[in-house]
Structures are given as C-alpha cells and as structure tokens.
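> Take a look at this one; I'll ask things after.
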Amino acid sequence: MSEDNNEVVKTEDKEELSEIVEEIIEDIEDEITSDKKNEGSAISKIKTKLKKMKRRIVPWAIIAGIVILAIIILPMFIQKDIERDKIAKLTLKDIGELCTQEAYITQVGVINESRQLVNVVDIPLTRSVCIFSFDVHLTAGYDFEALKIEKTLPHDDVKGKIIIELPSPSLFTKDIVAGSYVPIYRSESIFNDITDETLENKKTALVEEAYKQAIANGLFVNAKENAKKVIKSFIYNILDEEQYDIEFVDVEETYY
C-alpha cells in the first residue's frame, strides 16, 4: 500500500470528499484481495481507513446539523418578531368613534296651564291646552382610539393577553327626530297664550326624560356589550384567537 494512503487529506469540497471515499473503498478492496491469509491485518487496515473517513465526514455533519437547526429555529424567531410587531402596533384607532347602540323613544307632551290667583286658584277662562308628540333618537358608543390597552406576548404554553379598560359609553346624540313632531290638540285662551318658550322648555324636559328612560332600558349596558363584540372581532382579525385572550376591565359607570 502506498504512503499516500497514510496521509490525512484535508478538504472542504464535497466532490473531493466523495472522490476520497471512493479511493479509500478501492484501497480497502485491494487490501482484502491481496491479504486474505492475514484477516486481522486487513481488518486493522480497514479501521485505519474508516478513521480517515470519519475525520473528513464529521465537519460536514456538523455543518449540516447547523443548517438544519437554523431552518427549524429561525422561523420561530421570525414568527416571534412578527407577533411583537403586531402587538406593538395594535391600537383601536382604526375603529375610531363608533356608535354601538341606538334607541328611538316616542314622547307625548301635554301643556295644561291656567292663570292663577295667588298661585292657588285657577282664574276662569284662562286655561290653555296643547298636546303633541315627537320621537327622540339617542345613540351611545365609544371613541375607541382613547381606550387604554395592555398587551403581553404568548410564551411556552401560556396564551398572550390583551387587557382593555372599558369605561362607561359616551352619549353621542340625543335629538328630536326631524319631521317627527305631531300636534295632537291645541286650545288656547286669549288670556293665556302658550308661548314658544313654554313649548321649547317642555320639549327639552321630554328629551331628558327619554334619555333617562333609554338608560333604564339598557342603552349604555347594550352599548358596552356591543363594543366588546366589535373589539374582539377587530383584534381577532389581526391576532390568532388560539394564541391570545382578551380581557375587559370595567371602569366605574356613571350615566347621569
């Protein structure tokens, strides 16, 4: 066997490594053929050849292992960076100011007044009566951009969490519906006219009554519940529902 077979050939080229392996295999076959009488010697030489192969193959195995690990692990880090970016940019400003509940209430107004003597006795022929109705439109909701949000990323087997402070809804509108005013009955004494100021004051009082009635019927409660649905739908269009929980913190409610 030539001295070249005892040399450790250093190579970083894959094709050259393949050629070396083939050469070593051929040498091993020659050794076995030419030295059948001494099997121990042949086996010893084979082990020597295999050690040389190992020294060449191991570095490539290490490189291959690093590449495989990079392929597996790198997307995980990239995904985490994407999640951090999504969380960092998550706001509700794109929803803006949104009505989440509305109500229509019909109010009936009655003005029945007489001039009085010493504020006790009605003076005859001074009674004036006006009966009318109109609809009040009320809407409530949130300026979602102003809501406070706390965010945590998921880790291990623990879900991430989005915590949102949800105060009382805001009243957006409290108006008489245009064209809904209906005069039902009106009779005025020439001694006691119903002034425009009296009529407007009555309307204002009825609108406030409608507001209180709407709240009692769940205007703000429903507005808050609907807001939660809107927020959940919005966030889960951005983040994975399987990875995040949404928690609402109700701030003390003051409606009046």
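Ordering of the structure tokens sets the chain letters (A, B, ...); residue numbers start at 1 within each chain; ligands are numbered from 1 in the order shown.
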Among stretch 152-243 of chain A, which residues carry a DSSP assignment of strand (DSSP E), reported as a list in words?
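Result set for stretch 152-243 of chain A (strand (DSSP E)): Thr152, Gly160, Lys161, Ile162, Ile163, Ile164, Glu165, Leu166, Ser170, Leu171, Phe172, Thr173, Lys174, Asp175, Ile176, Val182, Pro183, Ile184, Tyr185, Arg186 and Ser187 of chain A.
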> Limited to N, CA, C and O atoms, could you put the picked residues into a file as an mmCIF file, in the first residue's frame?

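Just written: again-v3.cif:
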data_model
loop_
_atom_site.group_PDB
_atom_site.id
_atom_site.type_symbol
_atom_site.label_atom_id
_atom_site.label_comp_id
_atom_site.auth_asym_id
_atom_site.auth_seq_id
_atom_site.Cartn_x
_atom_site.Cartn_y
_atom_site.Cartn_z
ATOM 1 N N THR A 152 -49.542 41.533 26.318
ATOM 2 C CA THR A 152 -48.459 40.617 26.648
ATOM 3 C C THR A 152 -48.391 39.533 25.581
ATOM 4 O O THR A 152 -49.419 39.069 25.083
ATOM 5 N N GLY A 160 -51.040 34.718 25.150
ATOM 6 C CA GLY A 160 -50.858 36.145 25.342
ATOM 7 C C GLY A 160 -52.174 36.751 25.806
ATOM 8 O O GLY A 160 -53.231 36.128 25.716
ATOM 9 N N LYS A 161 -52.099 37.980 26.277
ATOM 10 C CA LYS A 161 -53.312 38.605 26.814
ATOM 11 C C LYS A 161 -53.408 40.059 26.360
ATOM 12 O O LYS A 161 -52.421 40.793 26.370
ATOM 13 N N ILE A 162 -54.613 40.442 25.970
ATOM 14 C CA ILE A 162 -54.931 41.827 25.628
ATOM 15 C C ILE A 162 -55.915 42.321 26.676
ATOM 16 O O ILE A 162 -57.032 41.794 26.777
ATOM 17 N N ILE A 163 -55.500 43.305 27.474
ATOM 18 C CA ILE A 163 -56.353 43.842 28.535
ATOM 19 C C ILE A 163 -56.804 45.247 28.125
ATOM 20 O O ILE A 163 -55.976 46.105 27.812
ATOM 21 N N ILE A 164 -58.118 45.458 28.127
ATOM 22 C CA ILE A 164 -58.677 46.732 27.669
ATOM 23 C C ILE A 164 -59.552 47.328 28.755
ATOM 24 O O ILE A 164 -60.464 46.667 29.253
ATOM 25 N N GLU A 165 -59.244 48.565 29.122
ATOM 26 C CA GLU A 165 -60.094 49.290 30.075
ATOM 27 C C GLU A 165 -61.306 49.850 29.332
ATOM 28 O O GLU A 165 -61.161 50.575 28.352
ATOM 29 N N LEU A 166 -62.490 49.486 29.827
ATOM 30 C CA LEU A 166 -63.715 49.905 29.151
ATOM 31 C C LEU A 166 -64.571 50.738 30.102
ATOM 32 O O LEU A 166 -65.241 50.207 30.984
ATOM 33 N N SER A 170 -70.118 56.738 25.866
ATOM 34 C CA SER A 170 -70.451 58.156 25.710
ATOM 35 C C SER A 170 -71.773 58.283 24.974
ATOM 36 O O SER A 170 -72.097 57.473 24.099
ATOM 37 N N LEU A 171 -72.534 59.313 25.338
ATOM 38 C CA LEU A 171 -73.763 59.607 24.610
ATOM 39 C C LEU A 171 -73.399 60.467 23.407
ATOM 40 O O LEU A 171 -72.850 61.552 23.552
ATOM 41 N N PHE A 172 -73.694 59.972 22.216
ATOM 42 C CA PHE A 172 -73.339 60.702 21.004
ATOM 43 C C PHE A 172 -74.443 61.656 20.556
ATOM 44 O O PHE A 172 -74.180 62.794 20.191
ATOM 45 N N THR A 173 -75.668 61.168 20.554
ATOM 46 C CA THR A 173 -76.777 62.022 20.114
ATOM 47 C C THR A 173 -77.967 61.855 21.042
ATOM 48 O O THR A 173 -78.196 60.792 21.614
ATOM 49 N N LYS A 174 -78.725 62.940 21.156
ATOM 50 C CA LYS A 174 -79.946 62.968 21.978
ATOM 51 C C LYS A 174 -80.837 64.041 21.358
ATOM 52 O O LYS A 174 -80.971 65.140 21.859
ATOM 53 N N ASP A 175 -81.433 63.674 20.219
ATOM 54 C CA ASP A 175 -82.100 64.675 19.399
ATOM 55 C C ASP A 175 -83.544 64.280 19.075
ATOM 56 O O ASP A 175 -83.877 63.089 19.002
ATOM 57 N N ILE A 176 -84.347 65.305 18.838
ATOM 58 C CA ILE A 176 -85.689 65.074 18.308
ATOM 59 C C ILE A 176 -85.545 64.752 16.822
ATOM 60 O O ILE A 176 -84.856 65.452 16.082
ATOM 61 N N VAL A 182 -95.651 66.018 16.001
ATOM 62 C CA VAL A 182 -97.060 65.922 15.585
ATOM 63 C C VAL A 182 -97.925 66.673 16.596
ATOM 64 O O VAL A 182 -97.999 66.287 17.766
ATOM 65 N N PRO A 183 -98.580 67.774 16.182
ATOM 66 C CA PRO A 183 -99.523 68.453 17.083
ATOM 67 C C PRO A 183 -100.831 67.645 17.161
ATOM 68 O O PRO A 183 -101.465 67.380 16.140
ATOM 69 N N ILE A 184 -101.198 67.260 18.341
ATOM 70 C CA ILE A 184 -102.398 66.427 18.518
ATOM 71 C C ILE A 184 -103.618 67.281 18.874
ATOM 72 O O ILE A 184 -104.713 67.086 18.328
ATOM 73 N N TYR A 185 -103.428 68.212 19.762
ATOM 74 C CA TYR A 185 -104.561 69.059 20.188
ATOM 75 C C TYR A 185 -103.998 70.365 20.721
ATOM 76 O O TYR A 185 -102.968 70.385 21.412
ATOM 77 N N ARG A 186 -104.714 71.449 20.410
ATOM 78 C CA ARG A 186 -104.275 72.754 20.932
ATOM 79 C C ARG A 186 -105.488 73.671 21.092
ATOM 80 O O ARG A 186 -106.242 73.884 20.136
ATOM 81 N N SER A 187 -105.635 74.182 22.292
ATOM 82 C CA SER A 187 -106.724 75.125 22.597
ATOM 83 C C SER A 187 -106.174 76.176 23.536
ATOM 84 O O SER A 187 -105.711 75.848 24.641
#
> Quick one: contact table of stretch 86-181 of chain A to stretch 213-233 of chain A, 9 Å max, nearest atom pair and distance in Å to one decimal per residue, counting only C-alpha atoms, chain and number order, as JSON lines?

{"residue": "A:Leu92", "atom": "CA", "partner": "A:Ile231", "partner_atom": "CA", "distance": 7.8}
{"residue": "A:Ile95", "atom": "CA", "partner": "A:Ile231", "partner_atom": "CA", "distance": 8.6}
{"residue": "A:Leu98", "atom": "CA", "partner": "A:Ala227", "partner_atom": "CA", "distance": 8.6}
{"residue": "A:Cys99", "atom": "CA", "partner": "A:Ala223", "partner_atom": "CA", "distance": 7.8}
{"residue": "A:Thr100", "atom": "CA", "partner": "A:Ala223", "partner_atom": "CA", "distance": 4.9}
{"residue": "A:Gln101", "atom": "CA", "partner": "A:Ala223", "partner_atom": "CA", "distance": 4.7}
{"residue": "A:Glu102", "atom": "CA", "partner": "A:Leu219", "partner_atom": "CA", "distance": 6.9}
{"residue": "A:Ala103", "atom": "CA", "partner": "A:Ala214", "partner_atom": "CA", "distance": 6.8}
{"residue": "A:Tyr104", "atom": "CA", "partner": "A:Ala214", "partner_atom": "CA", "distance": 8.3}
{"residue": "A:Ile105", "atom": "CA", "partner": "A:Ala214", "partner_atom": "CA", "distance": 7.6}
{"residue": "A:Leu138", "atom": "CA", "partner": "A:Ala214", "partner_atom": "CA", "distance": 7.8}
{"residue": "A:Thr139", "atom": "CA", "partner": "A:Leu219", "partner_atom": "CA", "distance": 8.0}
{"residue": "A:Ala140", "atom": "CA", "partner": "A:Ala223", "partner_atom": "CA", "distance": 6.2}
{"residue": "A:Gly141", "atom": "CA", "partner": "A:Ala223", "partner_atom": "CA", "distance": 5.7}
{"residue": "A:Tyr142", "atom": "CA", "partner": "A:Ala227", "partner_atom": "CA", "distance": 7.6}
{"residue": "A:Phe144", "atom": "CA", "partner": "A:Ile231", "partner_atom": "CA", "distance": 8.7}
{"residue": "A:Leu166", "atom": "CA", "partner": "A:Lys224", "partner_atom": "CA", "distance": 7.8}
{"residue": "A:Pro167", "atom": "CA", "partner": "A:Lys224", "partner_atom": "CA", "distance": 8.5}
{"residue": "A:Ser168", "atom": "CA", "partner": "A:Phe220", "partner_atom": "CA", "distance": 7.3}
{"residue": "A:Pro169", "atom": "CA", "partner": "A:Phe220", "partner_atom": "CA", "distance": 6.0}
{"residue": "A:Ser170", "atom": "CA", "partner": "A:Phe220", "partner_atom": "CA", "distance": 8.2}
{"residue": "A:Leu171", "atom": "CA", "partner": "A:Phe220", "partner_atom": "CA", "distance": 8.4}
> Given the selection you just returned, output its residues as a file containing N, CA, C and O atoms, formatted as a tab-separated table (two decimals), in the first residue's frame.

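As written to disk, result_35.tsv reads:
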chain	number	residue	atom	x	y	z
A	92	LEU	N	-56.78	50.62	18.62
A	92	LEU	CA	-58.16	50.59	18.15
A	92	LEU	C	-58.52	51.87	17.39
A	92	LEU	O	-59.68	52.15	17.16
A	95	ILE	N	-60.83	51.89	14.36
A	95	ILE	CA	-62.29	51.84	14.56
A	95	ILE	C	-62.82	53.24	14.72
A	95	ILE	O	-63.91	53.58	14.25
A	98	LEU	N	-67.35	55.17	17.30
A	98	LEU	CA	-68.37	54.30	16.73
A	98	LEU	C	-69.56	54.17	17.66
A	98	LEU	O	-69.41	53.92	18.86
A	99	CYS	N	-70.74	54.35	17.08
A	99	CYS	CA	-71.99	54.12	17.83
A	99	CYS	C	-72.21	52.62	17.91
A	99	CYS	O	-72.18	51.92	16.90
A	100	THR	N	-72.42	52.12	19.13
A	100	THR	CA	-72.64	50.68	19.31
A	100	THR	C	-74.06	50.36	19.79
A	100	THR	O	-74.40	49.19	19.94
A	101	GLN	N	-74.86	51.37	20.04
A	101	GLN	CA	-76.26	51.15	20.42
A	101	GLN	C	-77.05	52.42	20.15
A	101	GLN	O	-76.56	53.53	20.37
A	102	GLU	N	-78.28	52.24	19.70
A	102	GLU	CA	-79.16	53.39	19.50
A	102	GLU	C	-80.56	53.06	20.00
A	102	GLU	O	-80.91	51.89	20.19
A	103	ALA	N	-81.34	54.10	20.22
A	103	ALA	CA	-82.72	53.91	20.70
A	103	ALA	C	-83.60	55.01	20.14
A	103	ALA	O	-83.17	56.15	19.93
A	104	TYR	N	-84.85	54.64	19.90
A	104	TYR	CA	-85.87	55.60	19.49
A	104	TYR	C	-86.99	55.55	20.53
A	104	TYR	O	-87.50	54.47	20.85
A	105	ILE	N	-87.35	56.69	21.05
A	105	ILE	CA	-88.41	56.76	22.05
A	105	ILE	C	-89.40	57.85	21.64
A	105	ILE	O	-89.01	58.98	21.31
A	138	LEU	N	-81.54	58.49	20.23
A	138	LEU	CA	-80.38	58.50	21.12
A	138	LEU	C	-79.36	57.46	20.64
A	138	LEU	O	-79.74	56.34	20.27
A	139	THR	N	-78.10	57.84	20.63
A	139	THR	CA	-77.04	56.89	20.27
A	139	THR	C	-75.93	56.97	21.31
A	139	THR	O	-75.65	58.04	21.88
A	140	ALA	N	-75.31	55.83	21.55
A	140	ALA	CA	-74.20	55.75	22.52
A	140	ALA	C	-73.11	54.85	21.97
A	140	ALA	O	-73.37	53.94	21.18
A	141	GLY	N	-71.89	55.13	22.37
A	141	GLY	CA	-70.78	54.31	21.89
A	141	GLY	C	-69.47	54.76	22.48
A	141	GLY	O	-69.42	55.31	23.59
A	142	TYR	N	-68.39	54.56	21.72
A	142	TYR	CA	-67.04	54.84	22.24
A	142	TYR	C	-66.17	55.51	21.20
A	142	TYR	O	-66.34	55.31	19.99
A	144	PHE	N	-62.92	54.67	20.31
A	144	PHE	CA	-62.07	53.51	20.56
A	144	PHE	C	-60.59	53.86	20.62
A	144	PHE	O	-59.81	53.18	21.28
A	166	LEU	N	-62.49	49.49	29.83
A	166	LEU	CA	-63.71	49.90	29.15
A	166	LEU	C	-64.57	50.74	30.10
A	166	LEU	O	-65.24	50.21	30.98
A	167	PRO	N	-64.54	52.06	29.95
A	167	PRO	CA	-65.35	52.93	30.82
A	167	PRO	C	-66.80	52.94	30.36
A	167	PRO	O	-67.21	52.18	29.47
A	168	SER	N	-67.57	53.82	30.96
A	168	SER	CA	-68.97	53.97	30.52
A	168	SER	C	-68.99	54.51	29.09
A	168	SER	O	-68.13	55.29	28.70
A	169	PRO	N	-69.97	54.09	28.30
A	169	PRO	CA	-70.09	54.62	26.95
A	169	PRO	C	-70.38	56.12	26.97
A	169	PRO	O	-70.85	56.66	27.98
A	170	SER	N	-70.12	56.74	25.87
A	170	SER	CA	-70.45	58.16	25.71
A	170	SER	C	-71.77	58.28	24.97
A	170	SER	O	-72.10	57.47	24.10
A	171	LEU	N	-72.53	59.31	25.34
A	171	LEU	CA	-73.76	59.61	24.61
A	171	LEU	C	-73.40	60.47	23.41
A	171	LEU	O	-72.85	61.55	23.55
> So which residues of stretch 162-245 of chain A fall under helix (DSSP H, G or I) by DSSP, listed as JSON, numbers by chain?
{"A": [196, 197, 198, 199, 200, 201, 202, 203, 204, 205, 206, 207, 208, 209, 210, 211, 212, 213, 214, 215, 216, 219, 220, 221, 222, 223, 224, 225, 226, 227, 228, 229, 230, 231, 232, 233, 234, 235, 236]}
> So that each row is one residue of stretch 91-156 of chain A with an atom at most 12 Å from stretch 242-251 of chain A, can you give its shortest atom pair and the distance in Å to one decimal, using only C-alpha atoms, rows by chain and rising number, as JSON lines?

{"residue": "A:Leu147", "atom": "CA", "partner": "A:Phe248", "partner_atom": "CA", "distance": 10.9}
{"residue": "A:Lys148", "atom": "CA", "partner": "A:Val249", "partner_atom": "CA", "distance": 10.0}
{"residue": "A:Ile149", "atom": "CA", "partner": "A:Phe248", "partner_atom": "CA", "distance": 9.5}
{"residue": "A:Glu150", "atom": "CA", "partner": "A:Glu247", "partner_atom": "CA", "distance": 9.7}
{"residue": "A:Lys151", "atom": "CA", "partner": "A:Ile246", "partner_atom": "CA", "distance": 9.5}
{"residue": "A:Thr152", "atom": "CA", "partner": "A:Tyr244", "partner_atom": "CA", "distance": 8.9}
{"residue": "A:Leu153", "atom": "CA", "partner": "A:Tyr244", "partner_atom": "CA", "distance": 8.1}
{"residue": "A:Pro154", "atom": "CA", "partner": "A:Gln243", "partner_atom": "CA", "distance": 6.5}
{"residue": "A:His155", "atom": "CA", "partner": "A:Gln243", "partner_atom": "CA", "distance": 9.4}
{"residue": "A:Asp156", "atom": "CA", "partner": "A:Gln243", "partner_atom": "CA", "distance": 10.8}
> Which neighbours of stretch 106-114 of chain A fall inside 6 Å, counting only C-alpha atoms, when residues of the same chain fewer than 6 positions from it are skipped, and could you give them as a count of residues only?
11
> Which residue out of A:Lys203, A:Arg115, A:His137, A:Lys159 has the minimum interatomic distance to A:Leu239 when only C-alpha atoms are used?
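Checking each candidate against A:Leu239, we get A:Lys159 as the closest.
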> Under the rule that only C-alpha atoms are counted, which of A:Ile190, A:Val136, A:Asp240, A:Lys202 is the nearest residue to A:Ala178?
A:Val136
